[in-house]
$ cat entry-v1.cif   # mmCIF, C-alpha atoms and all ligand atoms
data_data
loop_
_atom_site.label_atom_id
_atom_site.label_comp_id
_atom_site.auth_asym_id
_atom_site.auth_seq_id
_atom_site.Cartn_x
_atom_site.Cartn_y
_atom_site.Cartn_z
CA MET A 258 87.39 95.11 101.13
CA ASN A 259 88.61 92.37 103.48
CA GLU A 260 92.01 90.73 103.12
CA LEU A 261 90.83 87.56 101.38
CA ASP A 262 88.83 89.55 98.83
CA PHE A 263 91.89 91.70 98.23
CA ILE A 264 94.04 88.60 97.62
CA GLN A 265 91.47 87.09 95.27
CA ALA A 266 91.13 90.32 93.30
CA PHE A 267 94.90 90.69 92.99
CA LEU A 268 95.35 87.13 91.73
CA GLN A 269 92.47 87.45 89.27
CA GLU A 270 93.62 90.80 87.92
CA ASN A 271 97.20 89.67 87.34
CA ALA A 272 96.80 86.14 86.00
CA ALA A 273 96.42 87.20 82.36
CA TYR A 274 99.57 89.34 82.49
CA ALA A 275 101.66 86.44 83.86
CA ARG A 276 100.13 84.01 81.38
CA GLU A 277 100.81 86.28 78.40
CA LYS A 278 104.41 86.87 79.47
CA PHE A 279 104.93 83.11 79.86
CA SER A 280 103.45 82.31 76.47
CA ASP A 281 105.73 84.78 74.70
CA ARG A 282 109.11 84.87 76.41
CA SER A 283 111.06 86.11 73.40
CA GLY A 284 111.75 89.56 74.83
CA LEU A 285 111.70 88.65 78.52
CA THR A 286 114.27 90.48 80.67
CA VAL A 287 116.08 87.97 82.90
CA THR A 288 118.86 88.76 85.37
CA THR A 289 120.45 86.64 88.10
CA LYS A 290 120.79 87.15 91.85
CA THR A 291 123.02 85.00 94.09
CA ASP A 292 124.20 82.70 91.27
CA ALA A 293 123.45 81.87 87.66
CA THR A 294 120.57 79.55 88.60
CA ASP A 295 118.89 82.14 90.86
CA MET A 296 116.87 84.07 88.29
CA LEU A 297 114.83 87.23 88.35
CA THR A 298 112.55 88.44 85.56
CA GLU A 299 110.73 91.66 84.81
CA VAL A 300 107.52 89.76 85.65
CA ASP A 301 108.64 89.07 89.25
CA LEU A 302 109.43 92.76 89.69
CA THR A 303 106.25 94.02 88.03
CA LEU A 304 103.97 91.73 90.03
CA GLN A 305 105.68 92.61 93.30
CA LYS A 306 105.42 96.34 92.56
CA ARG A 307 101.75 96.01 91.67
CA ALA A 308 101.06 94.17 94.93
CA VAL A 309 103.05 96.62 97.04
CA ASP A 310 101.27 99.60 95.45
CA ALA A 311 97.85 98.02 95.96
CA ILE A 312 98.58 97.08 99.60
CA ARG A 313 99.93 100.59 100.31
CA GLU A 314 96.72 102.06 98.95
CA GLN A 315 94.26 99.70 100.65
CA PHE A 316 96.10 98.86 103.90
CA PRO A 317 98.62 101.71 104.33
CA ASN A 318 99.78 100.77 107.85
CA ASP A 319 100.54 97.12 107.16
CA ALA A 320 104.06 95.68 106.87
CA ILE A 321 105.12 93.87 103.71
CA LEU A 322 107.55 90.95 103.35
CA ALA A 323 108.25 90.02 99.75
CA GLU A 324 111.07 88.20 98.03
CA GLU A 325 112.60 90.91 95.91
CA GLY A 326 114.82 93.85 96.94
CA GLU A 327 114.15 96.03 99.96
CA TYR A 328 111.05 94.05 101.05
CA SER A 329 112.89 90.84 101.89
CA THR A 330 113.63 91.50 105.58
CA LEU A 331 111.40 90.09 108.30
CA PRO A 332 108.91 92.58 109.78
CA ALA A 333 109.94 94.46 112.95
CA ASP A 334 106.82 93.19 114.73
CA PRO A 335 106.33 89.49 113.92
CA HIS A 336 102.84 89.57 115.47
CA GLY A 337 101.59 92.64 113.62
CA ARG A 338 99.67 92.87 110.37
CA CYS A 339 101.94 91.79 107.53
CA TRP A 340 101.52 90.81 103.89
CA VAL A 341 103.81 88.06 102.61
CA MET A 342 104.38 87.71 98.90
CA ASP A 343 106.28 85.66 96.36
CA PRO A 344 105.55 87.40 93.06
CA ILE A 345 106.57 84.39 90.97
CA ASP A 346 107.44 81.12 92.63
CA GLY A 347 109.05 78.77 90.15
CA THR A 348 110.89 81.53 88.27
CA SER A 349 113.31 79.03 86.72
CA ASN A 350 110.32 77.15 85.25
CA PHE A 351 108.85 80.44 84.09
CA VAL A 352 112.07 81.28 82.24
CA ARG A 353 112.74 77.84 80.83
CA GLY A 354 110.10 75.19 80.38
CA ARG A 355 107.07 74.15 78.38
CA PHE A 356 104.86 73.54 81.40
CA PRO A 357 103.56 76.45 83.48
CA LEU A 358 104.88 75.27 86.86
CA PHE A 359 104.86 78.66 88.55
CA GLY A 360 102.55 80.52 90.87
CA ILE A 361 101.84 83.88 92.46
CA SER A 362 101.60 83.62 96.25
CA LEU A 363 100.09 86.24 98.55
CA ALA A 364 99.20 85.87 102.23
CA PHE A 365 98.01 88.15 104.99
CA ALA A 366 99.46 87.33 108.43
CA GLU A 367 98.61 88.50 111.92
CA GLY A 368 99.76 86.98 115.20
CA GLY A 369 102.64 85.35 113.30
CA ARG A 370 100.30 83.11 111.29
CA ALA A 371 98.65 83.47 107.92
CA GLN A 372 95.00 84.42 108.35
CA ALA A 373 94.16 84.60 104.67
CA GLY A 374 96.10 83.40 101.66
CA GLY A 375 95.93 82.64 98.01
CA VAL A 376 97.96 81.18 95.19
CA GLY A 377 97.31 81.85 91.53
CA LEU A 378 98.55 79.31 89.00
CA PRO A 379 98.03 81.44 85.88
CA GLY A 380 99.02 78.67 83.47
CA ASN A 381 96.08 76.56 84.65
CA GLU A 382 93.78 79.52 85.31
CA ASP A 383 93.56 78.21 88.89
CA ILE A 384 93.10 80.26 92.03
CA PHE A 385 93.49 78.63 95.44
CA LEU A 386 92.18 80.58 98.44
CA ALA A 387 91.94 80.01 102.18
CA GLN A 388 90.77 81.88 105.24
CA ARG A 389 91.82 80.53 108.63
CA GLY A 390 89.04 78.43 110.12
CA GLN A 391 86.96 78.51 106.96
CA GLY A 392 88.51 75.91 104.68
CA ALA A 393 90.33 76.10 101.37
CA THR A 394 88.98 76.36 97.83
CA LEU A 395 90.16 75.88 94.26
CA ASN A 396 88.25 78.07 91.81
CA GLY A 397 85.45 78.37 94.36
CA HIS A 398 85.17 74.65 95.14
CA ARG A 399 86.15 73.23 98.51
CA ILE A 400 89.33 71.11 98.48
CA THR A 401 90.65 68.49 100.89
CA VAL A 402 93.95 66.69 101.23
CA SER A 403 94.44 63.07 100.17
CA GLU A 404 93.69 60.08 102.39
CA THR A 405 96.94 58.19 101.70
CA ARG A 406 98.19 56.58 104.93
CA ASP A 407 100.93 54.27 103.73
CA THR A 408 104.36 55.92 103.30
CA GLY A 409 105.19 53.29 100.70
CA LEU A 410 102.38 54.66 98.53
CA ALA A 411 103.01 58.33 99.23
CA ARG A 412 103.57 60.75 96.35
CA VAL A 413 105.88 63.42 97.73
CA ASP A 414 107.51 66.49 96.22
CA VAL A 415 111.11 66.34 97.46
CA ASP A 416 112.33 69.85 96.68
CA PHE A 417 116.03 69.55 95.86
CA SER A 418 116.24 73.34 95.45
CA THR A 419 119.63 74.91 94.83
CA ARG A 420 123.03 73.24 95.01
CA GLY A 421 123.58 74.53 98.53
CA ASP A 422 120.63 72.49 99.82
CA ARG A 423 121.19 69.35 97.86
CA GLN A 424 123.58 67.47 100.15
CA ALA A 425 121.39 68.07 103.20
CA MET A 426 118.39 66.66 101.34
CA LEU A 427 120.33 63.66 100.09
CA THR A 428 121.71 62.92 103.55
CA ARG A 429 118.81 63.74 105.84
CA ALA A 430 116.00 62.57 103.58
CA ALA A 431 117.70 59.48 102.13
CA PRO A 432 115.32 57.04 103.91
CA LEU A 433 112.34 59.11 102.79
CA ILE A 434 113.50 59.22 99.17
CA SER A 435 114.00 55.45 99.13
CA GLY A 436 110.88 54.66 101.15
CA ILE A 437 108.07 56.62 99.49
CA GLY A 438 106.01 55.50 96.52
CA GLN A 439 106.63 58.41 94.11
CA VAL A 440 109.27 61.18 94.21
CA ARG A 441 108.51 64.49 92.47
CA CYS A 442 110.39 67.79 92.28
CA HIS A 443 108.46 70.51 90.48
CA GLY A 444 110.88 73.36 91.21
CA SER A 445 108.11 75.42 92.71
CA ALA A 446 107.20 75.24 96.38
CA VAL A 447 103.81 76.87 95.86
CA VAL A 448 102.83 74.47 93.06
CA ALA A 449 103.75 71.55 95.32
CA LEU A 450 101.84 72.99 98.28
CA CYS A 451 98.76 73.51 96.11
CA GLU A 452 99.04 69.89 95.01
CA VAL A 453 99.09 68.72 98.63
CA ALA A 454 96.11 70.96 99.47
CA ALA A 455 94.13 69.61 96.53
CA GLY A 456 94.99 65.96 97.26
CA ASP A 457 97.07 65.55 94.08
CA ALA A 458 100.19 64.92 96.16
CA ASP A 459 100.59 63.59 99.71
CA GLY A 460 103.59 65.56 100.96
CA TYR A 461 106.29 68.15 100.40
CA VAL A 462 109.73 68.55 101.98
CA HIS A 463 112.34 71.33 101.75
CA MET A 464 115.51 71.94 103.78
CA THR A 465 115.61 75.77 103.75
CA LEU A 466 112.38 77.36 102.62
CA ASN A 467 111.74 81.12 102.92
CA PRO A 468 108.54 82.58 104.42
CA TRP A 469 107.23 83.91 101.09
CA ASP A 470 107.49 80.40 99.63
CA TYR A 471 105.07 78.84 102.13
CA ALA A 472 103.02 81.53 103.91
CA ALA A 473 99.96 81.10 101.67
CA GLY A 474 100.57 77.43 100.84
CA GLN A 475 100.80 76.42 104.49
CA LEU A 476 97.39 77.94 105.16
CA LEU A 477 95.91 76.25 102.07
CA VAL A 478 97.17 72.85 103.24
CA GLU A 479 96.08 73.34 106.86
CA GLU A 480 92.63 74.51 105.80
CA ALA A 481 92.34 71.55 103.45
CA GLY A 482 92.94 69.26 106.45
CA GLY A 483 96.71 68.71 106.18
CA GLN A 484 99.65 69.50 108.44
CA ALA A 485 102.75 71.70 108.14
CA THR A 486 105.68 71.70 110.58
CA ARG A 487 109.44 72.06 110.75
CA LEU A 488 111.35 68.87 109.90
CA GLN A 489 111.28 67.45 113.44
CA GLY A 490 107.65 68.37 114.05
CA GLU A 491 108.17 71.78 115.65
CA PRO A 492 105.47 74.37 114.84
CA LEU A 493 105.98 76.18 111.53
CA GLY A 494 105.80 79.95 112.03
CA ILE A 495 106.13 82.39 109.18
CA PHE A 496 108.59 84.67 110.99
CA ASP A 497 110.27 82.20 113.38
CA GLY A 498 113.57 82.20 111.50
CA GLY A 499 113.49 78.41 111.03
CA LYS A 500 114.28 76.76 107.73
CA GLY A 501 113.20 73.16 107.03
CA VAL A 502 109.58 72.47 106.15
CA LEU A 503 107.53 69.25 106.08
CA VAL A 504 103.99 69.44 104.73
CA THR A 505 101.68 66.44 104.46
CA ASN A 506 98.09 65.32 104.32
CA GLY A 507 98.26 64.86 108.11
CA ALA A 508 97.78 61.09 108.05
CA LEU A 509 101.33 60.67 106.75
CA HIS A 510 102.97 63.30 108.92
CA ALA A 511 104.51 61.11 111.62
CA GLY A 512 105.50 58.45 109.09
CA LEU A 513 107.31 60.88 106.78
CA MET A 514 108.88 62.74 109.69
CA ASN A 515 110.36 59.49 110.95
CA LEU A 516 112.05 59.06 107.57
CA ILE A 517 113.93 62.37 107.92
CA GLN A 518 117.17 62.30 109.92
CA ALA A 519 117.64 64.83 112.73
C1 LIG A 601 112.09 78.62 94.64
C2 LIG A 601 111.14 77.46 94.41
C3 LIG A 601 111.89 76.15 94.56
C4 LIG A 601 112.61 76.05 95.88
C5 LIG A 601 113.51 77.24 96.11
C6 LIG A 601 112.74 78.53 95.99
P1 LIG A 601 111.59 80.94 93.38
O1 LIG A 601 111.40 79.84 94.58
O2 LIG A 601 110.08 77.48 95.32
O3 LIG A 601 111.00 75.07 94.45
O4 LIG A 601 113.39 74.91 95.90
O5 LIG A 601 114.11 77.15 97.39
O6 LIG A 601 113.62 79.62 96.17
O7 LIG A 601 113.02 81.35 93.43
O8 LIG A 601 111.24 80.26 92.13
O9 LIG A 601 110.66 82.00 93.83
CA CA A 602 109.83 81.20 95.86
CA CA A 603 110.08 84.12 93.63
#

$ encode --input "entry-v1.cif" --output "structure tokens" --more "lines below"
Ligand code: IPD
Ligand code: CA
Ligand code: CA
Amino acid sequence: MNELDFIQAFLQENAAYAREKFSDRSGLTVTTKTDATDMLTEVDLTLQKRAVDAIREQFPNDAILAEEGEYSTLPADPHGRCWVMDPIDGTSNFVRGRFPLFGISLAFAEGGRAQAGGVGLPGNEDIFLAQRGQGATLNGHRITVSETRDTGLARVDVDFSTRGDRQAMLTRAAPLISGIGQVRCHGSAVVALCEVAAGDADGYVHMTLNPWDYAAGQLLVEEAGGQATRLQGEPLGIFDGGKGVLVTNGALHAGLMNLIQA
């Protein structure tokens, strides 16, 4: 089985479990991590364990970077084979919310870049997949980014994230927030990145994103014809230790970047 097939199979096999847990949250186990808004559920842990076990069985020599617990440190060899996973992105929406704004994100990286990646949005029964150089798909159909060119018409997910990030966003992205056509904040990086890849949104910005939040989504957007960089246009590597992320349909990249303060 190649890496993309593995990702697709994992997302397909686990969508129903995530969907069922979301639709009946009465007995859901929820704990917190760094603060009371940083939540962790049994579903995050179960999905991560299932992925780790499956990777260990199928690709036993590969490194794994995943959000929870012992897997959250960058791989020793940033150019080697490495799987990058966010078991549930949008956990706060998963715990509290009527709308299923959460996703399962899994990417395979080599040479410091994602080579294959996928995001499952179980609430919509959607699976986004991409292989480097071969385009991106949604449920088997090719997707492309939007054609919006005017920043004044742009629909952008401005990810305000946690309280620690908020002031930087308000200060550095103030001209962007005032200048764009529509501001959104879904509380899930992978949902926003899927929206950019599918042309439903034109851009996404975050001040301190982690690799597991964007490894698959970056590839989806790039393969759908969009662009992903650091906030000042520097290349966006998965393991480069950088933080800010700007993702757009490409046509808007320079325009939105100019609206973010250095
Ligand atoms: C979070 C979401 C959110 C972003 C945070 C992430 P999680 O991921 O992607 O949109 O603002 O920085 O940590 O915690 O739901 O996996
Ligand atoms: Ca995340
Ligand atoms: Ca997560």

$ residues_around --input "entry-v1.cif" --residues "range 283-289 of chain A" --least-positions-apart "5" --cutoff "8 Å" --atoms "all atoms listed in the file" --output "NGL selection string"
:A and (278 or 294-299 or 352)

$ residues_near_ligand --input "entry-v1.cif" --ligand "ligand LIG 601 (chain A)" --cutoff "10 Å" --atoms "only C-alpha atoms and all ligand atoms" --output "ChimeraX atom specification"
/A:290,294-297,301,324-325,342-352,358-362,414-423,442-450,462-467,469-471

$ residues_around --input "entry-v1.cif" --residues "Gly374 in chain A" --least-positions-apart "2" --cutoff "7 Å" --atoms "all atoms listed in the file" --output "NGL selection string"
:A and (261 or 264 or 363-365 or 371-372 or 386-388 or 473 or 476)

$ residues_around --input "entry-v1.cif" --residues "Phe263 in chain A" --least-positions-apart "5" --cutoff "12 Å" --atoms "all atoms listed in the file" --output "list of chain:residue names"
A:Met258, A:Leu268, A:Gln269, A:Glu270, A:Ala308, A:Ala311, A:Ile312, A:Glu314, A:Gln315, A:Phe316, A:Trp340, A:Leu363, A:Ala364, A:Phe365, A:Ala373, A:Gly374, A:Gly375, A:Leu386

$ write_last_selection --input "entry-v1.cif" --atoms "C-alpha atoms" --output "PDB file, in the coordinates of the input"
ATOM      1  CA  MET A 258      87.390  95.110 101.130  1.00  0.00           C
ATOM      2  CA  LEU A 268      95.350  87.130  91.730  1.00  0.00           C
ATOM      3  CA  GLN A 269      92.470  87.450  89.270  1.00  0.00           C
ATOM      4  CA  GLU A 270      93.620  90.800  87.920  1.00  0.00           C
ATOM      5  CA  ALA A 308     101.060  94.170  94.930  1.00  0.00           C
ATOM      6  CA  ALA A 311      97.850  98.020  95.960  1.00  0.00           C
ATOM      7  CA  ILE A 312      98.580  97.080  99.600  1.00  0.00           C
ATOM      8  CA  GLU A 314      96.720 102.060  98.950  1.00  0.00           C
ATOM      9  CA  GLN A 315      94.260  99.700 100.650  1.00  0.00           C
ATOM     10  CA  PHE A 316      96.100  98.860 103.900  1.00  0.00           C
ATOM     11  CA  TRP A 340     101.520  90.810 103.890  1.00  0.00           C
ATOM     12  CA  LEU A 363     100.090  86.240  98.550  1.00  0.00           C
ATOM     13  CA  ALA A 364      99.200  85.870 102.230  1.00  0.00           C
ATOM     14  CA  PHE A 365      98.010  88.150 104.990  1.00  0.00           C
ATOM     15  CA  ALA A 373      94.160  84.600 104.670  1.00  0.00           C
ATOM     16  CA  GLY A 374      96.100  83.400 101.660  1.00  0.00           C
ATOM     17  CA  GLY A 375      95.930  82.640  98.010  1.00  0.00           C
ATOM     18  CA  LEU A 386      92.180  80.580  98.440  1.00  0.00           C
TER      19      LEU A 386
END

$ closest_residue --input "entry-v1.cif" --among "A:Pro335, A:Pro468, A:Gly397, A:Pro432" --to "ligand CA 602 (chain A)" --atoms "all atoms listed in the file"
A:Pro468

$ atom_distance --input "entry-v1.cif" --atom1 "CA of Arg487 in chain A" --atom2 "CA of Thr401 in chain A"
21.5 Å

$ residues_around --input "entry-v1.cif" --residues "range 500-513 of chain A" --least-positions-apart "6" --cutoff "10 Å" --atoms "only C-alpha atoms" --output "number ranges by chain"
A: 401-409, 411, 413-415, 430, 432-434, 436-437, 449-450, 453-456, 458-468, 471, 474-475, 478-479, 481-493

$ closest_residue --input "entry-v1.cif" --among "A:Asn271, A:Asp281, A:Asp319, A:Leu427" --to "Lys306 in chain A" --atoms "only C-alpha atoms"
A:Asn271

$ closest_residue --input "entry-v1.cif" --among "A:Ala472, A:Ile400, A:Ala366, A:Ile495" --to "ligand CA 602 (chain A)" --atoms "all atoms listed in the file"
A:Ala472

$ atom_distance --input "entry-v1.cif" --atom1 "CA of Glu327 in chain A" --atom2 "CA of Gly369 in chain A"
20.6 Å

$ closest_residue --input "entry-v1.cif" --among "A:Gly390, A:Gly380, A:Pro332, A:Gly326" --to "ligand CA 603 (chain A)" --atoms "all atoms listed in the file"
A:Gly326

$ decode --input "entry-v1.cif" --residues "range 293-310 of chain A" --atoms "N, CA and C atoms" --output "PDB file, in the first residue's frame"
ATOM      1  N   ALA A 293      -7.676  26.050  30.427  1.00  0.00           N
ATOM      2  CA  ALA A 293      -9.041  25.511  30.398  1.00  0.00           C
ATOM      3  C   ALA A 293      -9.658  25.510  29.000  1.00  0.00           C
ATOM      4  N   THR A 294      -9.099  26.305  28.076  1.00  0.00           N
ATOM      5  CA  THR A 294      -9.657  26.315  26.723  1.00  0.00           C
ATOM      6  C   THR A 294      -8.933  25.340  25.789  1.00  0.00           C
ATOM      7  N   ASP A 295      -7.854  24.739  26.281  1.00  0.00           N
ATOM      8  CA  ASP A 295      -7.045  23.811  25.480  1.00  0.00           C
ATOM      9  C   ASP A 295      -7.502  22.389  25.823  1.00  0.00           C
ATOM     10  N   MET A 296      -8.456  21.880  25.032  1.00  0.00           N
ATOM     11  CA  MET A 296      -9.130  20.637  25.427  1.00  0.00           C
ATOM     12  C   MET A 296      -8.582  19.405  24.729  1.00  0.00           C
ATOM     13  N   LEU A 297      -8.806  18.291  25.413  1.00  0.00           N
ATOM     14  CA  LEU A 297      -8.387  16.989  24.890  1.00  0.00           C
ATOM     15  C   LEU A 297      -9.510  16.009  25.190  1.00  0.00           C
ATOM     16  N   THR A 298      -9.914  15.229  24.183  1.00  0.00           N
ATOM     17  CA  THR A 298     -10.981  14.249  24.415  1.00  0.00           C
ATOM     18  C   THR A 298     -10.444  12.842  24.194  1.00  0.00           C
ATOM     19  N   GLU A 299     -11.246  11.883  24.621  1.00  0.00           N
ATOM     20  CA  GLU A 299     -10.897  10.475  24.379  1.00  0.00           C
ATOM     21  C   GLU A 299     -10.804  10.185  22.878  1.00  0.00           C
ATOM     22  N   VAL A 300     -11.525  10.989  22.065  1.00  0.00           N
ATOM     23  CA  VAL A 300     -11.531  10.742  20.617  1.00  0.00           C
ATOM     24  C   VAL A 300     -10.184  11.148  20.003  1.00  0.00           C
ATOM     25  N   ASP A 301      -9.615  12.277  20.460  1.00  0.00           N
ATOM     26  CA  ASP A 301      -8.269  12.665  20.004  1.00  0.00           C
ATOM     27  C   ASP A 301      -7.297  11.519  20.285  1.00  0.00           C
ATOM     28  N   LEU A 302      -7.334  11.026  21.532  1.00  0.00           N
ATOM     29  CA  LEU A 302      -6.364  10.004  21.943  1.00  0.00           C
ATOM     30  C   LEU A 302      -6.573   8.682  21.198  1.00  0.00           C
ATOM     31  N   THR A 303      -7.842   8.306  21.015  1.00  0.00           N
ATOM     32  CA  THR A 303      -8.121   7.042  20.320  1.00  0.00           C
ATOM     33  C   THR A 303      -7.676   7.115  18.866  1.00  0.00           C
ATOM     34  N   LEU A 304      -7.998   8.221  18.194  1.00  0.00           N
ATOM     35  CA  LEU A 304      -7.628   8.345  16.778  1.00  0.00           C
ATOM     36  C   LEU A 304      -6.109   8.382  16.610  1.00  0.00           C
ATOM     37  N   GLN A 305      -5.437   9.101  17.512  1.00  0.00           N
ATOM     38  CA  GLN A 305      -3.972   9.144  17.399  1.00  0.00           C
ATOM     39  C   GLN A 305      -3.380   7.760  17.622  1.00  0.00           C
ATOM     40  N   LYS A 306      -3.886   7.030  18.609  1.00  0.00           N
ATOM     41  CA  LYS A 306      -3.358   5.684  18.880  1.00  0.00           C
ATOM     42  C   LYS A 306      -3.607   4.757  17.691  1.00  0.00           C
ATOM     43  N   ARG A 307      -4.800   4.848  17.114  1.00  0.00           N
ATOM     44  CA  ARG A 307      -5.093   4.004  15.948  1.00  0.00           C
ATOM     45  C   ARG A 307      -4.137   4.301  14.799  1.00  0.00           C
ATOM     46  N   ALA A 308      -3.861   5.595  14.582  1.00  0.00           N
ATOM     47  CA  ALA A 308      -2.953   5.964  13.484  1.00  0.00           C
ATOM     48  C   ALA A 308      -1.535   5.485  13.776  1.00  0.00           C
ATOM     49  N   VAL A 309      -1.077   5.721  15.000  1.00  0.00           N
ATOM     50  CA  VAL A 309       0.283   5.302  15.359  1.00  0.00           C
ATOM     51  C   VAL A 309       0.425   3.785  15.191  1.00  0.00           C
ATOM     52  N   ASP A 310      -0.544   3.025  15.679  1.00  0.00           N
ATOM     53  CA  ASP A 310      -0.473   1.562  15.567  1.00  0.00           C
ATOM     54  C   ASP A 310      -0.445   1.128  14.097  1.00  0.00           C
TER      55      ASP A 310
END
